[in-house]
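Undergrad: Just coords-v3.txt, nothing more (compact mmCIF, C-alpha atoms and all ligand atoms):
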```
# COMPACT_ATOMS: atom_id res chain seq x y z
CA MET F 23 69.41 110.37 118.91
CA THR F 24 71.03 111.77 115.77
CA GLU F 25 74.53 113.30 115.83
CA ALA F 26 73.01 116.78 115.62
CA THR F 27 70.94 116.27 118.79
CA VAL F 28 73.75 114.79 120.94
CA PRO F 29 74.92 117.55 123.32
CA GLY F 30 78.31 118.87 122.16
CA ALA F 31 78.21 116.87 118.91
CA SER F 32 78.67 119.98 116.81
CA GLN F 33 81.90 120.88 118.65
CA LYS F 34 85.29 120.08 117.14
CA TYR F 35 86.33 118.28 120.32
CA THR F 36 85.11 115.81 122.93
CA ARG F 37 85.41 115.90 126.71
CA GLN F 38 87.38 112.94 128.09
CA THR F 39 88.46 111.94 131.60
CA VAL F 40 91.88 111.15 133.07
CA THR F 41 91.96 107.54 134.31
CA ALA F 42 95.59 107.15 135.39
CA LYS F 43 98.85 109.01 135.75
CA ILE F 44 102.43 107.68 135.97
CA VAL F 45 105.29 109.85 137.19
CA TRP F 46 108.59 108.51 135.84
CA PRO F 47 111.78 108.36 137.97
CA ALA F 48 112.88 111.67 136.42
CA GLU F 49 110.08 113.68 137.99
CA LYS F 50 109.92 116.11 135.06
CA LEU F 51 108.41 113.25 133.03
CA PHE F 52 104.94 111.74 133.35
CA SER F 53 102.35 109.82 131.35
CA VAL F 54 98.58 110.15 131.48
CA ARG F 55 95.86 107.79 130.34
CA VAL F 56 92.49 109.19 129.36
CA THR F 57 89.19 107.78 128.13
CA ARG F 58 88.83 107.60 124.36
CA ASP F 59 85.90 108.62 122.22
CA PRO F 60 85.17 105.45 120.17
CA ALA F 61 84.95 107.67 117.07
CA PHE F 62 88.53 108.95 117.58
CA VAL F 63 90.69 107.02 115.11
CA PHE F 64 94.40 107.33 114.41
CA ILE F 65 97.43 105.61 112.92
CA PRO F 66 100.51 104.90 115.12
CA GLY F 67 102.78 107.95 114.94
CA GLN F 68 99.97 110.49 114.76
CA PHE F 69 99.18 113.12 117.38
CA ALA F 70 96.11 114.51 119.09
CA ARG F 71 95.36 118.08 120.06
CA LEU F 72 94.67 118.20 123.78
CA GLY F 73 92.76 121.06 125.40
CA LEU F 74 92.70 122.22 129.02
CA ALA F 75 90.82 124.95 130.85
CA VAL F 76 93.97 126.73 132.06
CA HIS F 77 92.96 130.38 132.33
CA GLY F 78 89.34 130.09 133.44
CA PRO F 79 87.06 131.36 134.86
CA ASP F 80 84.99 128.62 133.17
CA ALA F 81 86.49 125.25 134.20
CA GLU F 82 84.47 123.55 131.45
CA THR F 83 85.81 125.57 128.51
CA PRO F 84 89.24 124.56 127.18
CA ASP F 85 91.33 127.64 126.40
CA GLU F 86 94.83 126.18 125.71
CA TRP F 87 95.61 123.49 123.15
CA ARG F 88 98.80 121.52 122.49
CA ALA F 89 99.87 118.64 120.26
CA TYR F 90 100.65 115.29 121.90
CA SER F 91 101.64 112.09 120.10
CA MET F 92 99.68 109.00 121.01
CA VAL F 93 101.74 106.46 122.96
CA SER F 94 98.82 104.04 122.95
CA HIS F 95 98.07 101.73 120.05
CA PRO F 96 94.84 102.25 118.05
CA THR F 97 93.44 98.95 119.38
CA GLN F 98 93.71 100.13 123.02
CA ASP F 99 90.50 101.41 124.62
CA GLU F 100 92.17 104.38 126.27
CA LEU F 101 94.60 107.01 124.97
CA GLU F 102 98.03 107.39 126.56
CA PHE F 103 100.30 110.43 126.35
CA PHE F 104 103.87 110.99 127.58
CA SER F 105 104.95 114.49 128.58
CA VAL F 106 107.74 116.59 129.95
CA VAL F 107 107.02 119.46 132.35
CA VAL F 108 108.35 122.71 130.93
CA PRO F 109 108.37 124.73 134.19
CA GLU F 110 107.82 128.07 132.42
CA GLY F 111 105.30 126.56 129.96
CA THR F 112 101.56 127.23 130.00
CA PHE F 113 100.19 123.80 129.17
CA SER F 114 102.52 121.07 130.44
CA PRO F 115 102.47 122.14 134.15
CA ALA F 116 98.64 122.16 133.98
CA LEU F 117 98.63 118.71 132.36
CA ALA F 118 101.01 117.46 135.07
CA ARG F 119 98.62 118.64 137.81
CA LEU F 120 95.74 116.50 136.51
CA VAL F 121 94.54 113.59 138.61
CA PRO F 122 92.17 110.73 137.74
CA GLY F 123 88.65 112.06 137.23
CA ASP F 124 89.78 115.42 135.79
CA PRO F 125 88.62 116.44 132.29
CA VAL F 126 90.77 116.74 129.15
CA TRP F 127 89.35 117.88 125.83
CA ILE F 128 90.51 116.18 122.64
CA ASP F 129 90.07 117.43 119.09
CA LYS F 130 88.00 114.91 117.13
CA THR F 131 90.63 114.80 114.37
CA SER F 132 94.00 113.06 114.61
CA PHE F 133 96.93 114.71 112.84
CA GLY F 134 100.40 114.07 111.48
CA PHE F 135 102.45 112.27 108.87
CA LEU F 136 105.11 110.55 110.98
CA THR F 137 103.65 107.16 110.12
CA LEU F 138 105.03 104.00 108.58
CA GLU F 139 102.65 104.45 105.63
CA ARG F 140 105.21 106.98 104.38
CA PHE F 141 107.72 104.23 103.61
CA GLU F 142 108.00 101.36 101.23
CA ASP F 143 109.03 98.18 103.03
CA GLY F 144 112.71 98.11 103.93
CA GLN F 145 115.06 95.91 105.85
CA ASP F 146 115.96 98.15 108.75
CA LEU F 147 113.82 100.75 110.48
CA TRP F 148 115.71 103.37 112.52
CA LEU F 149 113.47 105.19 115.01
CA ILE F 150 115.49 108.10 116.41
CA ALA F 151 114.16 110.38 119.17
CA THR F 152 115.22 112.84 121.80
CA GLY F 153 113.21 113.20 125.02
CA THR F 154 109.46 112.82 124.66
CA GLY F 155 109.89 112.26 120.90
CA LEU F 156 109.81 108.61 121.95
CA SER F 157 106.00 108.84 122.31
CA ALA F 158 105.22 108.37 118.64
CA TYR F 159 107.42 105.28 118.38
CA MET F 160 105.82 103.54 121.37
CA SER F 161 102.52 103.40 119.50
CA MET F 162 104.30 101.93 116.46
CA LEU F 163 106.16 99.34 118.53
CA ARG F 164 102.91 98.23 120.15
CA ASP F 165 101.65 97.34 116.65
CA PRO F 166 102.14 93.63 115.83
CA ALA F 167 102.37 94.48 112.08
CA ILE F 168 105.69 96.33 112.42
CA TRP F 169 107.51 93.16 113.39
CA SER F 170 106.74 91.37 110.12
CA ARG F 171 107.41 94.44 108.03
CA PHE F 172 111.02 95.13 109.08
CA ARG F 173 113.86 92.69 109.60
CA ARG F 174 115.42 94.88 112.27
CA ILE F 175 114.23 97.89 114.26
CA ILE F 176 116.79 100.17 115.86
CA LEU F 177 115.32 102.47 118.51
CA VAL F 178 117.70 105.29 119.44
CA HIS F 179 116.58 107.40 122.42
CA GLY F 180 118.66 110.45 123.36
CA VAL F 181 118.10 111.87 126.85
CA ARG F 182 120.12 113.86 129.35
CA HIS F 183 120.15 111.29 132.18
CA THR F 184 119.52 107.54 132.57
CA SER F 185 116.55 108.32 134.85
CA GLU F 186 114.78 109.84 131.80
CA LEU F 187 114.62 106.51 129.95
CA ALA F 188 110.85 106.24 130.28
CA TYR F 189 109.30 103.08 128.84
CA GLY F 190 112.69 101.31 129.18
CA PRO F 191 111.19 98.24 130.90
CA GLU F 192 108.52 97.87 128.17
CA LEU F 193 111.21 98.15 125.48
CA ILE F 194 113.40 95.55 127.17
CA ASP F 195 110.35 93.24 127.36
CA LEU F 196 109.81 93.75 123.63
CA ILE F 197 113.41 92.71 122.92
CA GLY F 198 112.67 89.41 124.68
CA GLN F 199 109.41 88.88 122.79
CA HIS F 200 110.95 89.01 119.31
CA ALA F 201 113.65 87.19 117.37
CA PRO F 202 117.17 87.79 118.76
CA GLY F 203 118.52 91.06 117.34
CA GLN F 204 115.23 92.17 115.79
CA LEU F 205 114.89 95.08 118.24
CA ILE F 206 118.03 97.01 119.07
CA TYR F 207 117.31 99.54 121.85
CA LEU F 208 120.07 102.14 122.10
CA PRO F 209 119.64 104.71 124.87
CA ILE F 210 122.12 107.60 124.48
CA THR F 211 122.67 109.80 127.54
CA SER F 212 124.25 113.23 127.06
CA GLN F 213 124.94 114.36 130.64
CA GLU F 214 126.24 111.14 132.19
CA PRO F 215 127.68 107.84 130.89
CA SER F 216 125.19 105.40 129.33
CA ASP F 217 124.60 102.64 131.86
CA PRO F 218 124.80 99.13 130.32
CA GLN F 219 121.97 98.07 132.66
CA SER F 220 119.55 100.35 130.77
CA SER F 221 119.49 98.06 127.75
CA PRO F 222 121.10 94.80 126.63
CA SER F 223 121.97 96.62 123.35
CA ILE F 224 124.34 99.15 124.98
CA GLY F 225 127.37 96.90 125.44
CA PRO F 226 130.03 98.39 127.74
CA MET F 227 129.69 101.66 129.67
CA ARG F 228 129.62 104.53 127.13
CA ALA F 229 130.80 108.13 127.53
CA PRO F 230 128.13 110.88 127.47
CA ALA F 231 127.19 111.81 123.90
CA ARG F 232 124.64 113.36 121.58
CA ILE F 233 123.03 111.30 118.81
CA THR F 234 124.26 113.79 116.20
CA ASN F 235 127.92 113.36 117.18
CA LEU F 236 127.60 109.61 117.22
CA LEU F 237 126.12 109.63 113.72
CA ALA F 238 128.83 111.95 112.41
CA THR F 239 131.66 109.78 113.76
CA GLY F 240 130.13 106.47 112.67
CA GLU F 241 129.75 105.34 116.28
CA LEU F 242 125.96 105.15 116.12
CA GLU F 243 126.16 102.48 113.41
CA GLN F 244 128.98 100.77 115.29
CA ARG F 245 126.85 100.57 118.45
CA ALA F 246 123.90 99.22 116.47
CA GLY F 247 126.16 96.81 114.59
CA LEU F 248 124.42 97.91 111.37
CA ALA F 249 125.14 100.35 108.56
CA LEU F 250 122.67 103.06 107.53
CA ASP F 251 122.02 102.28 103.87
CA PRO F 252 119.66 104.59 101.94
CA LEU F 253 118.51 101.66 99.80
CA THR F 254 117.46 99.39 102.63
CA SER F 255 117.16 101.57 105.76
CA ARG F 256 114.19 103.75 106.66
CA VAL F 257 114.75 106.53 109.22
CA MET F 258 112.40 108.53 111.44
CA LEU F 259 113.45 111.54 113.52
CA CYS F 260 111.29 113.01 116.29
CA GLY F 261 111.75 115.49 119.12
CA ASN F 262 114.08 118.47 119.59
CA PRO F 263 114.00 120.58 116.38
CA ALA F 264 117.74 121.36 116.54
CA MET F 265 118.49 117.61 116.65
CA VAL F 266 116.09 117.04 113.74
CA THR F 267 117.75 119.78 111.65
CA GLU F 268 121.27 118.53 112.32
CA MET F 269 120.37 114.89 111.72
CA ARG F 270 118.55 115.78 108.49
CA ALA F 271 121.70 117.47 107.18
CA LEU F 272 123.93 114.53 108.15
CA LEU F 273 121.52 111.96 106.72
CA GLY F 274 120.82 114.06 103.61
CA ALA F 275 124.53 113.93 102.77
CA ARG F 276 124.23 110.14 102.90
CA GLY F 277 121.27 109.87 100.54
CA PHE F 278 118.31 110.00 102.93
CA VAL F 279 115.42 112.13 101.66
CA PRO F 280 111.82 112.69 102.77
CA GLY F 281 109.10 111.43 100.42
CA ARG F 282 107.46 113.79 97.97
CA ARG F 283 103.99 113.68 96.48
CA GLY F 284 103.57 110.13 95.21
CA VAL F 285 107.22 109.15 95.75
CA ALA F 286 108.10 107.28 98.94
CA GLY F 287 111.25 108.51 100.68
CA ASN F 288 113.50 106.89 103.25
CA LEU F 289 113.30 109.68 105.87
CA ALA F 290 110.36 111.08 107.90
CA VAL F 291 110.62 113.75 110.58
CA GLU F 292 108.58 115.54 113.24
CA ASN F 293 109.55 118.59 115.32
CA TYR F 294 108.01 118.94 118.80
CA TRP F 295 108.40 122.71 119.00
C1 LIG Z 1 103.42 117.31 116.52
C2 LIG Z 1 103.77 117.52 117.97
C3 LIG Z 1 103.69 116.47 118.87
C4 LIG Z 1 104.05 116.67 120.21
N1 LIG Z 1 104.00 115.61 121.07
C5 LIG Z 1 104.43 115.78 122.35
C6 LIG Z 1 104.47 114.67 123.25
O1 LIG Z 1 104.10 113.54 122.91
N2 LIG Z 1 104.94 114.89 124.50
C7 LIG Z 1 105.35 116.13 124.92
O2 LIG Z 1 105.78 116.29 126.07
N3 LIG Z 1 105.30 117.19 124.09
C8 LIG Z 1 104.83 117.04 122.84
N4 LIG Z 1 104.79 118.12 122.01
C9 LIG Z 1 105.06 119.44 122.59
C10 LIG Z 1 103.78 119.97 123.27
O3 LIG Z 1 102.84 120.29 122.27
C11 LIG Z 1 104.02 121.23 124.11
O4 LIG Z 1 104.82 122.14 123.45
C12 LIG Z 1 104.69 120.92 125.43
O5 LIG Z 1 103.83 120.16 126.24
C13 LIG Z 1 105.01 122.16 126.25
O6 LIG Z 1 103.86 122.96 126.37
P1 LIG Z 1 103.93 124.27 127.27
O7 LIG Z 1 102.74 125.13 127.04
O8 LIG Z 1 104.17 123.84 128.69
O9 LIG Z 1 105.21 125.03 126.73
P2 LIG Z 1 105.35 125.70 125.28
O10 LIG Z 1 105.13 127.16 125.43
O11 LIG Z 1 104.53 124.97 124.27
O12 LIG Z 1 106.89 125.39 124.99
C14 LIG Z 1 107.91 126.17 125.62
C15 LIG Z 1 109.27 125.61 125.33
O13 LIG Z 1 109.41 124.36 125.98
C16 LIG Z 1 110.28 123.50 125.25
N5 LIG Z 1 109.52 122.26 124.94
C17 LIG Z 1 108.25 122.16 124.45
N6 LIG Z 1 107.89 120.87 124.31
C18 LIG Z 1 108.95 120.14 124.72
C19 LIG Z 1 109.18 118.75 124.82
N7 LIG Z 1 108.24 117.85 124.44
N8 LIG Z 1 110.38 118.32 125.28
C20 LIG Z 1 111.33 119.23 125.66
N9 LIG Z 1 111.18 120.56 125.59
C21 LIG Z 1 110.00 121.02 125.13
C22 LIG Z 1 110.69 124.27 124.00
O14 LIG Z 1 111.91 124.92 124.26
C23 LIG Z 1 109.57 125.28 123.86
O15 LIG Z 1 109.94 126.41 123.15
C24 LIG Z 1 104.44 117.95 120.65
C25 LIG Z 1 104.48 119.02 119.75
C26 LIG Z 1 104.17 118.81 118.43
C27 LIG Z 1 104.23 119.98 117.48
N1 LIG Z 2 110.30 120.08 135.46
C1 LIG Z 2 111.58 120.02 135.74
O1 LIG Z 2 111.98 119.80 136.86
C2 LIG Z 2 112.55 120.20 134.63
C3 LIG Z 2 113.90 120.06 134.84
C4 LIG Z 2 114.78 120.18 133.76
C5 LIG Z 2 114.27 120.49 132.51
N2 LIG Z 2 112.94 120.67 132.36
C6 LIG Z 2 112.34 121.00 131.06
O2 LIG Z 2 112.61 119.94 130.22
C7 LIG Z 2 112.84 120.47 128.91
C8 LIG Z 2 113.98 119.68 128.29
O3 LIG Z 2 113.50 118.40 128.08
P1 LIG Z 2 114.45 117.28 127.54
O4 LIG Z 2 115.74 117.21 128.29
O5 LIG Z 2 113.62 116.04 127.44
O6 LIG Z 2 114.69 117.76 126.03
P2 LIG Z 2 115.95 118.30 125.24
O7 LIG Z 2 116.44 119.57 125.81
O8 LIG Z 2 115.52 118.32 123.83
O9 LIG Z 2 117.11 117.20 125.47
C9 LIG Z 2 116.94 115.84 125.16
C10 LIG Z 2 118.23 115.29 124.57
O10 LIG Z 2 118.43 115.89 123.30
C11 LIG Z 2 119.79 116.34 123.22
N3 LIG Z 2 119.90 117.43 122.27
C12 LIG Z 2 119.54 118.71 122.43
N4 LIG Z 2 119.84 119.42 121.32
C13 LIG Z 2 120.40 118.57 120.46
C14 LIG Z 2 120.96 118.69 119.16
N5 LIG Z 2 120.97 119.85 118.51
N6 LIG Z 2 121.47 117.59 118.57
C15 LIG Z 2 121.48 116.41 119.22
N7 LIG Z 2 120.99 116.22 120.44
C16 LIG Z 2 120.46 117.29 121.06
C17 LIG Z 2 120.12 116.74 124.63
O11 LIG Z 2 121.52 116.79 124.75
P3 LIG Z 2 122.27 117.89 125.68
O12 LIG Z 2 122.11 117.43 127.10
O13 LIG Z 2 123.70 117.83 125.19
O14 LIG Z 2 121.63 119.21 125.42
C18 LIG Z 2 119.45 115.61 125.41
O15 LIG Z 2 120.28 114.49 125.43
C19 LIG Z 2 113.20 121.92 129.05
O16 LIG Z 2 112.30 122.64 128.23
C20 LIG Z 2 112.97 122.25 130.50
O17 LIG Z 2 112.01 123.29 130.59
C21 LIG Z 2 112.08 120.48 133.40
```
Spell out the structure here as structure tokens.

TA:
Amino acid sequence: MTEATVPGASQKYTRQTVTAKIVWPAEKLFSVRVTRDPAFVFIPGQFARLGLAVHGPDAETPDEWRAYSMVSHPTQDELEFFSVVVPEGTFSPALARLVPGDPVWIDKTSFGFLTLERFEDGQDLWLIATGTGLSAYMSMLRDPAIWSRFRRIILVHGVRHTSELAYGPELIDLIGQHAPGQLIYLPITSQEPSDPQSSPSIGPMRAPARITNLLATGELEQRAGLALDPLTSRVMLCGNPAMVTEMRALLGARGFVPGRRGVAGNLAVENYW
């Protein structure tokens, strides 16, 4: 059968099926796994456009589309996505209601530039996220290549509460799998103290804070035990657009700039809304 004669081949998207769902301890957070079209290719850090039949009446015609970063690595057979439920949102409550066997439509193209290809090799890679912005970094951290490319990786995850530290156990496992100090996992909680049990990198109990304030006061570097150096550090920002804007300004003043056509930078960013 040629591509043209395969039913649906001319469409921009494929119909996939939910295989598993995880609800995280903070019930507003969940992950879904779905089947993957073998022709769907992506680089860690990229996102897919997911479609759902939200409004009907035709349950087989997707009518709402949203961007979701891949959590899964390109070598994994299935795709995994990590989502928050925005109670007043159109898409995320519908995604949260899905159960194994339900359909999800996925645009055949993968999108986005928050990828490590943007950077020349450096010593330290700072992956900084709020909330579900962590998704894009999980795919990168599941890539064996990242560990030989950077001497140290500092993952900073800002959330409101400790219960929102999704993927924490996988990250702590990764710390154990690599050279001591190669992965520094710094959860930052803004509405309650940061619990030292969430990560071996936290140190003592820490007062509630935002990532932006910690960067401005120098405490972020202190907690990591490393300085942000525009010559040797590479920084990614992902998640809440206000956080991204404020961090860009703070980092810009310290010599961090996004790449331009043909010139690699030391900063890459992605806003989630
Ligand atoms: C490039 C890109 C990648 C994205 N990847 C993810 C992802 O991996 N996981 C994910 O949950 N979302 C992701 N999003 C956001 C996602 O596309 C939807 O906006 C989100 O699921 C909410 O959809 P909604 O229709 O329920 O609400 P919308 O009408 O789309 O959003 C309503 C409001 O909800 C808030 N909001 C939206 N998304 C988030 C979020 N992720 N965290 C906190 N508050 C939010 C904002 O205040 C927004 O104005 C991504 C967005 C972009 C642009
Ligand atoms: N389904 C539910 O039961 C439920 C319940 C609650 C919320 N929600 C939804 O969840 C969404 C919020 O998700 P979220 O908490 O993951 O995302 P978020 O609002 O972006 O907050 C994530 C982290 O980013 C911090 N932050 C926000 N603005 C910042 C800035 N300018 N600079 C630095 N840090 C900043 C927050 O700190 P602060 O705490 O200081 O803001 C928090 O620590 C809302 O849209 C809401 O609709 C759902």

Undergrad: Let me have all residues with an atom within 9 Å of ligand LIG 1 (chain Z), counting all atoms listed in the file, laid out as a count of residues only.

TA: 48

Undergrad: Go ahead and find all residues with at least one atom no further than 10 Å from (113.9, 107.9, 115.3) in the file's coordinates, using all atoms listed in the file; report them as an mmCIF file with C-alpha atoms, in the frame of the given file.

TA:
```
data_model
loop_
_atom_site.group_PDB
_atom_site.id
_atom_site.type_symbol
_atom_site.label_atom_id
_atom_site.label_comp_id
_atom_site.auth_asym_id
_atom_site.auth_seq_id
_atom_site.Cartn_x
_atom_site.Cartn_y
_atom_site.Cartn_z
ATOM 1 C CA LEU F 147 113.820 100.750 110.480
ATOM 2 C CA TRP F 148 115.710 103.370 112.520
ATOM 3 C CA LEU F 149 113.470 105.190 115.010
ATOM 4 C CA ILE F 150 115.490 108.100 116.410
ATOM 5 C CA ALA F 151 114.160 110.380 119.170
ATOM 6 C CA THR F 152 115.220 112.840 121.800
ATOM 7 C CA GLY F 155 109.890 112.260 120.900
ATOM 8 C CA LEU F 156 109.810 108.610 121.950
ATOM 9 C CA ALA F 158 105.220 108.370 118.640
ATOM 10 C CA TYR F 159 107.420 105.280 118.380
ATOM 11 C CA ILE F 176 116.790 100.170 115.860
ATOM 12 C CA LEU F 177 115.320 102.470 118.510
ATOM 13 C CA VAL F 178 117.700 105.290 119.440
ATOM 14 C CA HIS F 179 116.580 107.400 122.420
ATOM 15 C CA GLY F 180 118.660 110.450 123.360
ATOM 16 C CA ARG F 256 114.190 103.750 106.660
ATOM 17 C CA VAL F 257 114.750 106.530 109.220
ATOM 18 C CA MET F 258 112.400 108.530 111.440
ATOM 19 C CA LEU F 259 113.450 111.540 113.520
ATOM 20 C CA CYS F 260 111.290 113.010 116.290
ATOM 21 C CA GLY F 261 111.750 115.490 119.120
ATOM 22 C CA VAL F 266 116.090 117.040 113.740
ATOM 23 C CA LEU F 289 113.300 109.680 105.870
ATOM 24 C CA ALA F 290 110.360 111.080 107.900
ATOM 25 C CA VAL F 291 110.620 113.750 110.580
ATOM 26 C CA GLU F 292 108.580 115.540 113.240
#
```

Undergrad: Show me, as a list in words, the residues that have an atom within 8 Å of region 181-195 of chain F when counting all atoms listed in the file, minus same-chain residues fewer than 6 positions from it.

TA: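 Skipping anything fewer than 6 positions along the chain leaves Trp46, Pro47, Ala48, Leu51, Thr152, Gly153, Tyr207, Pro209, Ile210, Thr211, Ser212, Gln213, Glu214, Ser216, Asp217, Ser220, Ser221 and Pro222 of chain F.
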
Undergrad: Under the rule that all atoms listed in the file are counted, which of F:Ala61, F:Ile224, F:Leu250, F:Val45 is the nearest residue to ligand LIG 2 (chain Z)?

TA: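 Selected residue with least distance to ligand LIG 2 (chain Z): F:Val45.
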
Undergrad: For the atom pair CA of Glu100 (chain F) and CA of Asp59 (chain F), what is the interatomic distance in Å to one decimal place?

TA: 8.6 Å

Undergrad: Quick one: pull the distance between atom O10 of ligand LIG 2 (chain Z) and CA of Pro263 (chain F), Å, one decimal.

TA: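 Distance reported for this atom pair: 9.5 Å.
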
Undergrad: Would you compute the distance between CA of Val54 (chain F) and CA of Arg232 (chain F)? Give it in Å to one decimal.

TA: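 These two atoms are separated by 28.1 Å.
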
Undergrad: For each of F:Leu272, F:Gln244, F:Leu205, F:Arg58, take the minimum atom-to-atom distance to ligand LIG 2 (chain Z), counting only C-alpha atoms and all ligand atoms, then give the residue where this is smallest.

TA: F:Leu272

Undergrad: Just the residues within 12 Å of Trp169 (chain F), please, counting all atoms listed in the file, with nothing from its chain fewer than 2 positions along; format it as a PyMOL selection string.

TA: chain F and resi 143-147+162-167+171-176+196-197+199-201+203-205

Undergrad: Please produce an output containing C-alpha atoms for each residue in the selection, written as a tab-separated table (two decimals), in the coordinates of the input.

TA:
```tsv
chain	number	residue	atom	x	y	z
F	143	ASP	CA	109.03	98.18	103.03
F	144	GLY	CA	112.71	98.11	103.93
F	145	GLN	CA	115.06	95.91	105.85
F	146	ASP	CA	115.96	98.15	108.75
F	147	LEU	CA	113.82	100.75	110.48
F	162	MET	CA	104.30	101.93	116.46
F	163	LEU	CA	106.16	99.34	118.53
F	164	ARG	CA	102.91	98.23	120.15
F	165	ASP	CA	101.65	97.34	116.65
F	166	PRO	CA	102.14	93.63	115.83
F	167	ALA	CA	102.37	94.48	112.08
F	171	ARG	CA	107.41	94.44	108.03
F	172	PHE	CA	111.02	95.13	109.08
F	173	ARG	CA	113.86	92.69	109.60
F	174	ARG	CA	115.42	94.88	112.27
F	175	ILE	CA	114.23	97.89	114.26
F	176	ILE	CA	116.79	100.17	115.86
F	196	LEU	CA	109.81	93.75	123.63
F	197	ILE	CA	113.41	92.71	122.92
F	199	GLN	CA	109.41	88.88	122.79
F	200	HIS	CA	110.95	89.01	119.31
F	201	ALA	CA	113.65	87.19	117.37
F	203	GLY	CA	118.52	91.06	117.34
F	204	GLN	CA	115.23	92.17	115.79
F	205	LEU	CA	114.89	95.08	118.24
```

Undergrad: Have a look at F:Ala264, F:Leu101, F:Met160, F:Val63 and name the one nearest to ligand LIG 2 (chain Z); count only C-alpha atoms and all ligand atoms.

TA: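 Under the stated criterion, the closest residue is F:Ala264.
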
Undergrad: Given the choices F:Ser223, F:Ile233, F:Ala249, F:Ala118, which gets closest to Pro202 (chain F) if the distance is worked out from only C-alpha atoms?

TA: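 Residue with the minimum atom-to-atom distance to Pro202 (chain F): F:Ser223.
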
Undergrad: With all atoms listed in the file as the atoms that count, which of F:Ser161, F:Gln98, F:Gln33, F:Thr267 lies nearest to Leu138 (chain F)?

TA: F:Ser161

Undergrad: Can you tell me which residues surround Gly274 (chain F) at a distance of at most 10 Å, considering only C-alpha atoms, apart from same-chain residues fewer than 5 positions away, and format the answer as a list in words?

TA: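 Using only C-alpha atoms, the neighbours found are Pro252, Glu268, Met269, Val279, Pro280 and Leu289 of chain F.
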
Undergrad: Taking only C-alpha atoms and all ligand atoms into account, which of F:Gly277, F:Gly225, F:Pro230, F:Gly123 comes nearest ligand LIG 2 (chain Z)?

TA: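 Looking only at the distances to ligand LIG 2 (chain Z), the closest residue turns out to be F:Pro230.
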